[in-house]
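Before any comments, here is the structure.
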Amino acid sequence: MAVDISPVTLEPIPLTQDRQYDFAAIFGNDHPIELELGIGKGRFLIQQAEARPNVNFVGVEWASRYYRMVAERAAKRGLANFRILRDDAAHVVKHTLSEACIDALHIYFPDPWPKAKQVKRRLIQPPFARVAARALKDGAPLLLATDHEDYAIQMEAVFRADPDFEQVSRAIGDDAPEGVTNWEVKFRQQGRTMHKFKFVRIARATVR
Ligand SMILES: C[S@@+](CC[C@H](N)C(=O)[O-])C[C@H]1O[C@@H](n2cnc3c(N)ncnc32)[C@H](O)[C@@H]1O
């Protein structure tokens with residue numbers, strides 16, 4: 001039987017419209033908002049939504065196959081604190097989030113675009129750090145993971161260089177705490193090296 005995914009899906013905002021998501025209206029409460037970009041099969045975000053009902057979770061996924069799969073799983077579980085959006089992660093952060101609306105940002109195993117001519121397609125670049133800083137609340141954590149060494153170097157350098165972020169931790173290989181995303185489970189089984197970073201959004205200056 002077809003599952004009604006409408007309770008857990010978010011409508012993309014068209015590029016031509018200057019609108020932003022109103023999460024309090026979407027969820028009907030003012031609980032914290034955690035955002036994951038590129039959720040894949042959604043293991044991490046669904047687990048979090050089940051474990052922490054007083055936090056709202058929003059996942060962005062470009063691939064329609066994963067989007068549909070995760071939406072059906074979340075809808076079957078009746079998760080009221082979960083929404084999934086089929087859209088481009090960079091577009092969502094840049095154009096559809098209001099200032100200081102996100103309480104935590106999760107980016108796990110973003111596509112590494114390993115070939116030299118593809119590197120410009122990577123999500124984490126200096127302009128992305130700027131728009132992420134705008135969307136995050138003061139003190140909000142940003143959590144990153146990758147198995148790709150070159151991208152690890154890039155992501156750490158990008159957020160270290162951004163004046164609105166402060167690094168909290170870096171953990172590589174055996175030091176990296178175990179996570180639960182689908183890709184992490186697969187990559188660990190393959191013996192790949194994990195690189196994990198945590199930053200926080202520095203508090204905005206107060207105007208006197
Ligand atoms: C390597 S997978 C990691 C999935 C998940 N984070 C995990 O760790 O299991 C990367 C995911 O990002 C999605 N993705 C790639 N580019 C994207 C984009 N521009 N916007 C949204 N999602 C994207 C892919 O479809 C894929 O599901």
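Chain lettering (A, B, ...) mirrors the order of the structure tokens, residue numbering begins at 1 for each chain separately, and ligand numbering begins at 1 in order of display.
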Residues within 10 Å of ligand 1 should be enumerated using only C-alpha atoms and all ligand atoms and returned as a ChimeraX atom specification. /A:36-45,59-67,85-92,106-113,121-123,144-147,179-187
Please save N, CA and C atoms of the selected residues as a short mmCIF file (atom, residue, chain, number, x, y, z; two decimals), in the first residue's frame.
```
data_model
loop_
_atom_site.label_atom_id
_atom_site.label_comp_id
_atom_site.auth_asym_id
_atom_site.auth_seq_id
_atom_site.Cartn_x
_atom_site.Cartn_y
_atom_site.Cartn_z
N GLU A 36 20.23 18.42 8.74
CA GLU A 36 21.26 17.57 8.14
C GLU A 36 21.20 17.73 6.62
N LEU A 37 22.37 17.93 6.02
CA LEU A 37 22.46 18.12 4.57
C LEU A 37 22.98 16.83 3.93
N GLY A 38 22.27 16.34 2.92
CA GLY A 38 22.68 15.10 2.24
C GLY A 38 22.48 13.90 3.15
N ILE A 39 21.22 13.58 3.43
CA ILE A 39 20.95 12.57 4.48
C ILE A 39 21.02 11.14 3.98
N GLY A 40 21.14 10.93 2.67
CA GLY A 40 21.22 9.56 2.16
C GLY A 40 20.01 8.75 2.57
N LYS A 41 20.25 7.59 3.18
CA LYS A 41 19.14 6.72 3.59
C LYS A 41 18.55 7.13 4.94
N GLY A 42 19.09 8.18 5.54
CA GLY A 42 18.43 8.82 6.67
C GLY A 42 18.56 8.17 8.03
N ARG A 43 19.48 7.21 8.14
CA ARG A 43 19.58 6.48 9.41
C ARG A 43 19.83 7.40 10.62
N PHE A 44 20.80 8.31 10.45
CA PHE A 44 21.14 9.20 11.56
C PHE A 44 19.95 10.06 11.97
N LEU A 45 19.32 10.71 10.99
CA LEU A 45 18.29 11.69 11.33
C LEU A 45 17.03 11.03 11.88
N GLY A 59 15.85 17.28 7.15
CA GLY A 59 16.86 16.67 6.29
C GLY A 59 16.70 17.15 4.87
N VAL A 60 17.84 17.41 4.23
CA VAL A 60 17.83 17.81 2.82
C VAL A 60 18.52 16.71 2.02
N GLU A 61 17.87 16.28 0.96
CA GLU A 61 18.46 15.23 0.13
C GLU A 61 18.08 15.49 -1.32
N TRP A 62 19.11 15.41 -2.18
CA TRP A 62 18.89 15.72 -3.58
C TRP A 62 18.32 14.53 -4.35
N ALA A 63 18.81 13.34 -4.04
CA ALA A 63 18.43 12.16 -4.83
C ALA A 63 17.00 11.73 -4.52
N SER A 64 16.16 11.68 -5.55
CA SER A 64 14.74 11.40 -5.31
C SER A 64 14.52 10.01 -4.72
N ARG A 65 15.39 9.06 -5.08
CA ARG A 65 15.24 7.69 -4.56
C ARG A 65 15.40 7.68 -3.04
N TYR A 66 16.44 8.37 -2.54
CA TYR A 66 16.65 8.41 -1.08
C TYR A 66 15.56 9.26 -0.41
N TYR A 67 15.24 10.36 -1.05
CA TYR A 67 14.20 11.25 -0.49
C TYR A 67 12.92 10.46 -0.22
N LEU A 85 13.23 17.38 2.80
CA LEU A 85 13.07 18.30 1.68
C LEU A 85 13.92 17.80 0.53
N ARG A 86 13.34 17.70 -0.66
CA ARG A 86 14.16 17.34 -1.83
C ARG A 86 14.61 18.63 -2.49
N ASP A 87 15.89 18.95 -2.29
CA ASP A 87 16.42 20.20 -2.84
C ASP A 87 17.95 20.14 -2.79
N ASP A 88 18.56 21.15 -3.35
CA ASP A 88 20.02 21.27 -3.31
C ASP A 88 20.45 21.88 -1.98
N ALA A 89 21.38 21.22 -1.30
CA ALA A 89 21.77 21.63 0.05
C ALA A 89 22.27 23.08 0.09
N ALA A 90 23.12 23.44 -0.85
CA ALA A 90 23.69 24.80 -0.85
C ALA A 90 22.60 25.84 -1.08
N HIS A 91 21.67 25.52 -1.97
CA HIS A 91 20.56 26.45 -2.23
C HIS A 91 19.71 26.64 -0.98
N VAL A 92 19.43 25.55 -0.29
CA VAL A 92 18.59 25.64 0.91
C VAL A 92 19.23 26.57 1.94
N HIS A 106 24.40 19.30 10.68
CA HIS A 106 25.11 18.03 10.51
C HIS A 106 25.41 17.82 9.02
N ILE A 107 26.68 17.55 8.71
CA ILE A 107 27.06 17.27 7.32
C ILE A 107 28.00 16.06 7.34
N TYR A 108 27.46 14.91 7.01
CA TYR A 108 28.23 13.67 7.13
C TYR A 108 28.45 13.04 5.75
N PHE A 109 29.72 12.88 5.43
CA PHE A 109 30.12 12.23 4.18
C PHE A 109 29.50 12.89 2.94
N PRO A 110 29.66 14.21 2.85
CA PRO A 110 29.19 14.88 1.62
C PRO A 110 29.98 14.35 0.43
N ASP A 111 29.36 14.37 -0.73
CA ASP A 111 30.03 13.84 -1.93
C ASP A 111 31.40 14.50 -2.09
N PRO A 112 32.48 13.71 -2.22
CA PRO A 112 33.83 14.31 -2.22
C PRO A 112 34.27 14.90 -3.55
N TRP A 113 33.57 14.57 -4.63
CA TRP A 113 33.97 15.06 -5.95
C TRP A 113 35.49 14.99 -6.07
N ARG A 121 32.64 21.56 -7.28
CA ARG A 121 31.26 21.15 -6.95
C ARG A 121 31.08 20.79 -5.48
N ARG A 122 32.17 20.71 -4.73
CA ARG A 122 32.04 20.35 -3.31
C ARG A 122 31.17 21.36 -2.58
N LEU A 123 30.39 20.85 -1.64
CA LEU A 123 29.49 21.71 -0.86
C LEU A 123 30.29 22.69 0.01
N LEU A 144 30.91 17.67 11.23
CA LEU A 144 31.34 17.25 9.90
C LEU A 144 32.03 15.90 9.97
N ALA A 145 31.82 15.08 8.95
CA ALA A 145 32.58 13.82 8.85
C ALA A 145 32.82 13.51 7.38
N THR A 146 33.97 12.91 7.13
CA THR A 146 34.27 12.43 5.78
C THR A 146 35.31 11.31 5.88
N ASP A 147 35.34 10.48 4.84
CA ASP A 147 36.38 9.46 4.75
C ASP A 147 37.41 9.86 3.69
N GLY A 179 29.96 6.85 14.62
CA GLY A 179 28.66 7.44 14.30
C GLY A 179 27.76 6.41 13.64
N VAL A 180 26.58 6.85 13.29
CA VAL A 180 25.60 5.85 12.85
C VAL A 180 25.09 6.07 11.43
N THR A 181 25.68 6.98 10.67
CA THR A 181 25.11 7.17 9.34
C THR A 181 25.37 5.92 8.49
N ASN A 182 24.55 5.77 7.46
CA ASN A 182 24.68 4.57 6.61
C ASN A 182 26.07 4.50 5.99
N TRP A 183 26.57 5.65 5.52
CA TRP A 183 27.88 5.63 4.86
C TRP A 183 28.98 5.32 5.86
N GLU A 184 28.86 5.85 7.07
CA GLU A 184 29.91 5.59 8.05
C GLU A 184 29.99 4.10 8.36
N VAL A 185 28.85 3.47 8.55
CA VAL A 185 28.84 2.04 8.85
C VAL A 185 29.54 1.28 7.71
N LYS A 186 29.19 1.65 6.48
CA LYS A 186 29.78 0.97 5.32
C LYS A 186 31.29 1.24 5.23
N PHE A 187 31.69 2.49 5.41
CA PHE A 187 33.10 2.83 5.27
C PHE A 187 33.94 2.21 6.38
#
```
DSSP-assigned alpha helix (DSSP H) members of range 17-117 of chain A, reported as a ChimeraX atom specification: /A:23-27,43-51,64-77,89-95
Mind dumping the selected residues with N, CA and C atoms as a tab-separated table (two decimals), in the first residue's frame?
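File result-v7.tsv, as written:
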```tsv
chain	number	residue	atom	x	y	z
A	23	PHE	N	9.93	27.62	10.52
A	23	PHE	CA	9.91	26.31	11.16
A	23	PHE	C	8.90	26.22	12.31
A	24	ALA	N	8.70	27.32	13.02
A	24	ALA	CA	7.72	27.29	14.11
A	24	ALA	C	6.33	26.98	13.55
A	25	ALA	N	6.02	27.57	12.39
A	25	ALA	CA	4.71	27.31	11.77
A	25	ALA	C	4.66	25.89	11.20
A	26	ILE	N	5.76	25.45	10.62
A	26	ILE	CA	5.80	24.11	10.01
A	26	ILE	C	5.60	23.03	11.07
A	27	PHE	N	6.29	23.16	12.20
A	27	PHE	CA	6.21	22.12	13.22
A	27	PHE	C	5.13	22.40	14.27
A	43	ARG	N	19.48	7.21	8.14
A	43	ARG	CA	19.58	6.48	9.41
A	43	ARG	C	19.83	7.40	10.62
A	44	PHE	N	20.80	8.31	10.45
A	44	PHE	CA	21.14	9.20	11.56
A	44	PHE	C	19.95	10.06	11.97
A	45	LEU	N	19.32	10.71	10.99
A	45	LEU	CA	18.29	11.69	11.33
A	45	LEU	C	17.03	11.03	11.88
A	46	ILE	N	16.67	9.86	11.36
A	46	ILE	CA	15.49	9.16	11.88
A	46	ILE	C	15.76	8.68	13.31
A	47	GLN	N	16.96	8.16	13.55
A	47	GLN	CA	17.29	7.74	14.92
A	47	GLN	C	17.20	8.92	15.89
A	48	GLN	N	17.75	10.06	15.46
A	48	GLN	CA	17.73	11.24	16.31
A	48	GLN	C	16.30	11.70	16.58
A	49	ALA	N	15.48	11.69	15.53
A	49	ALA	CA	14.09	12.17	15.69
A	49	ALA	C	13.31	11.26	16.63
A	50	GLU	N	13.60	9.96	16.57
A	50	GLU	CA	12.91	9.04	17.48
A	50	GLU	C	13.39	9.21	18.92
A	51	ALA	N	14.69	9.45	19.07
A	51	ALA	CA	15.28	9.52	20.42
A	51	ALA	C	15.01	10.86	21.11
A	64	SER	N	16.16	11.68	-5.55
A	64	SER	CA	14.74	11.40	-5.31
A	64	SER	C	14.52	10.01	-4.72
A	65	ARG	N	15.39	9.06	-5.08
A	65	ARG	CA	15.24	7.69	-4.56
A	65	ARG	C	15.40	7.68	-3.04
A	66	TYR	N	16.44	8.37	-2.54
A	66	TYR	CA	16.65	8.41	-1.08
A	66	TYR	C	15.56	9.26	-0.41
A	67	TYR	N	15.24	10.36	-1.05
A	67	TYR	CA	14.20	11.25	-0.49
A	67	TYR	C	12.92	10.46	-0.22
A	68	ARG	N	12.50	9.72	-1.22
A	68	ARG	CA	11.26	8.94	-1.12
A	68	ARG	C	11.39	7.85	-0.04
A	69	MET	N	12.53	7.16	-0.06
A	69	MET	CA	12.76	6.07	0.90
A	69	MET	C	12.70	6.58	2.34
A	70	VAL	N	13.39	7.70	2.59
A	70	VAL	CA	13.43	8.25	3.95
A	70	VAL	C	12.06	8.80	4.34
A	71	ALA	N	11.40	9.47	3.40
A	71	ALA	CA	10.07	10.02	3.70
A	71	ALA	C	9.11	8.90	4.08
A	72	GLU	N	9.17	7.78	3.37
A	72	GLU	CA	8.26	6.66	3.70
A	72	GLU	C	8.58	6.09	5.08
A	73	ARG	N	9.88	5.96	5.38
A	73	ARG	CA	10.26	5.43	6.70
A	73	ARG	C	9.77	6.35	7.81
A	74	ALA	N	9.98	7.65	7.64
A	74	ALA	CA	9.58	8.61	8.68
A	74	ALA	C	8.06	8.65	8.81
A	75	ALA	N	7.36	8.59	7.68
A	75	ALA	CA	5.89	8.65	7.72
A	75	ALA	C	5.33	7.40	8.40
A	76	LYS	N	5.91	6.24	8.10
A	76	LYS	CA	5.44	4.99	8.74
A	76	LYS	C	5.62	5.04	10.24
A	77	ARG	N	6.70	5.71	10.69
A	77	ARG	CA	6.95	5.81	12.13
A	77	ARG	C	6.13	6.93	12.77
A	89	ALA	N	21.38	21.22	-1.30
A	89	ALA	CA	21.77	21.63	0.05
A	89	ALA	C	22.27	23.08	0.09
A	90	ALA	N	23.12	23.44	-0.85
A	90	ALA	CA	23.69	24.80	-0.85
A	90	ALA	C	22.60	25.84	-1.08
A	91	HIS	N	21.67	25.52	-1.97
A	91	HIS	CA	20.56	26.45	-2.23
A	91	HIS	C	19.71	26.64	-0.98
A	92	VAL	N	19.43	25.55	-0.29
A	92	VAL	CA	18.59	25.64	0.91
A	92	VAL	C	19.23	26.57	1.94
A	93	VAL	N	20.52	26.35	2.20
A	93	VAL	CA	21.18	27.13	3.25
A	93	VAL	C	21.27	28.60	2.83
A	94	LYS	N	21.58	28.82	1.57
A	94	LYS	CA	21.79	30.21	1.12
A	94	LYS	C	20.49	31.01	1.01
A	95	HIS	N	19.44	30.35	0.50
A	95	HIS	CA	18.26	31.14	0.11
A	95	HIS	C	17.01	30.92	0.97
```
Long-range neighbours of Gln154 in chain A as a list in words, 12 Å cut-off, only C-alpha atoms, 2 positions minimum in chain: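 Here the answer would be Pro112, Pro114, Val119, Lys120, Arg122, Leu123, Ile124, Gln125, Pro126, Ala129, Leu144, Ala145, Thr146, His148, Glu149, Asp150, Tyr151, Ala152, Glu156, Ala157, Val158, Phe159, Arg160, Ala161, His195 and Phe197 of chain A.
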Using the chain letters and numbers from this document, which residues of range 74-117 of chain A does DSSP assign to strand (DSSP E), as a PyMOL selection string? chain A and resi 82-86+104-108
Excluding range 171-175 of chain A and residues on its chain fewer than 2 positions from it, collect all residues at most 7 Å away from it, counting only C-alpha atoms, and give them as a short mmCIF file (atom, residue, chain, number, x, y, z; two decimals) with all heavy atoms, in the first residue's frame.
```cif
data_model
loop_
_atom_site.label_atom_id
_atom_site.label_comp_id
_atom_site.auth_asym_id
_atom_site.auth_seq_id
_atom_site.Cartn_x
_atom_site.Cartn_y
_atom_site.Cartn_z
N SER A 169 36.77 20.43 18.07
CA SER A 169 37.51 19.16 18.08
C SER A 169 37.84 18.71 16.66
O SER A 169 37.21 19.10 15.69
CB SER A 169 36.70 18.07 18.79
OG SER A 169 35.52 17.81 18.07
N PRO A 177 35.06 9.32 17.07
CA PRO A 177 33.96 8.59 17.71
C PRO A 177 33.06 7.94 16.67
O PRO A 177 32.86 8.49 15.58
CB PRO A 177 33.22 9.68 18.48
CG PRO A 177 33.60 10.96 17.82
CD PRO A 177 34.96 10.77 17.25
N THR A 193 39.52 5.42 6.78
CA THR A 193 39.84 6.34 7.88
C THR A 193 38.79 7.44 7.98
O THR A 193 38.49 8.11 7.00
CB THR A 193 41.23 6.99 7.64
OG1 THR A 193 42.19 5.94 7.58
CG2 THR A 193 41.59 7.95 8.75
N MET A 194 38.26 7.61 9.18
CA MET A 194 37.25 8.65 9.42
C MET A 194 37.94 9.95 9.83
O MET A 194 38.90 9.93 10.61
CB MET A 194 36.31 8.24 10.57
CG MET A 194 35.56 6.96 10.34
SD MET A 194 34.46 7.09 8.93
CE MET A 194 34.87 5.59 8.09
N HIS A 195 37.40 11.05 9.35
CA HIS A 195 37.85 12.37 9.78
C HIS A 195 36.62 13.10 10.30
O HIS A 195 35.64 13.24 9.55
CB HIS A 195 38.42 13.19 8.61
CG HIS A 195 39.59 12.54 7.93
ND1 HIS A 195 39.47 11.44 7.10
CD2 HIS A 195 40.90 12.85 7.94
CE1 HIS A 195 40.66 11.12 6.64
NE2 HIS A 195 41.54 11.95 7.13
N LYS A 196 36.67 13.54 11.56
CA LYS A 196 35.49 14.20 12.13
C LYS A 196 35.89 15.52 12.78
O LYS A 196 36.89 15.58 13.50
CB LYS A 196 34.83 13.29 13.17
CG LYS A 196 34.27 12.03 12.54
CD LYS A 196 33.36 11.29 13.48
CE LYS A 196 32.74 10.13 12.73
NZ LYS A 196 31.71 9.44 13.50
N PHE A 197 35.08 16.52 12.53
CA PHE A 197 35.36 17.86 13.05
C PHE A 197 34.11 18.45 13.68
O PHE A 197 33.00 18.23 13.19
CB PHE A 197 35.81 18.80 11.91
CG PHE A 197 36.95 18.25 11.11
CD1 PHE A 197 36.76 17.84 9.80
CD2 PHE A 197 38.21 18.11 11.67
CE1 PHE A 197 37.81 17.32 9.05
CE2 PHE A 197 39.27 17.59 10.93
CZ PHE A 197 39.06 17.19 9.61
#
```
Find, counting only C-alpha atoms, the residue in A:Val55, A:Ile84, A:Gly191, A:Gln20 that gets nearest to Pro7 in chain A.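 Answer, going by the shortest atom-to-atom distance: A:Ile84.
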Provide the CA of Gly28 in chain A to CA of Pro53 in chain A distance in Å, to one decimal place. 13.3 Å
Just checking: using only C-alpha atoms, which residue out of A:Leu136, A:Leu10, A:Ile153, A:Leu143 ends up closest to Ile202 in chain A?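 Once distances to Ile202 in chain A are computed over only C-alpha atoms, the minimum belongs to A:Leu136.
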I'd like to know which of A:Asp103, A:Glu11, A:Asp138, A:Asp4 is closest to His31 in chain A, using only C-alpha atoms.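 Selected residue with least distance to His31 in chain A: A:Asp103.
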Go ahead and compute the interatomic distance for CA of Asn56 in chain A and CA of Ala132 in chain A, in Å to one decimal.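 So the two atoms, CA of Asn56 in chain A and CA of Ala132 in chain A, lie 18.2 Å apart.
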What does the distance from CA of Ile5 in chain A to CA of Val58 in chain A come to in Å, to one decimal? 14.4 Å
Closest to Val200 in chain A among A:Gly139, A:Ala176, A:Phe57, A:Arg170, using only C-alpha atoms?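 Result for the nearest residue to Val200 in chain A: A:Gly139.
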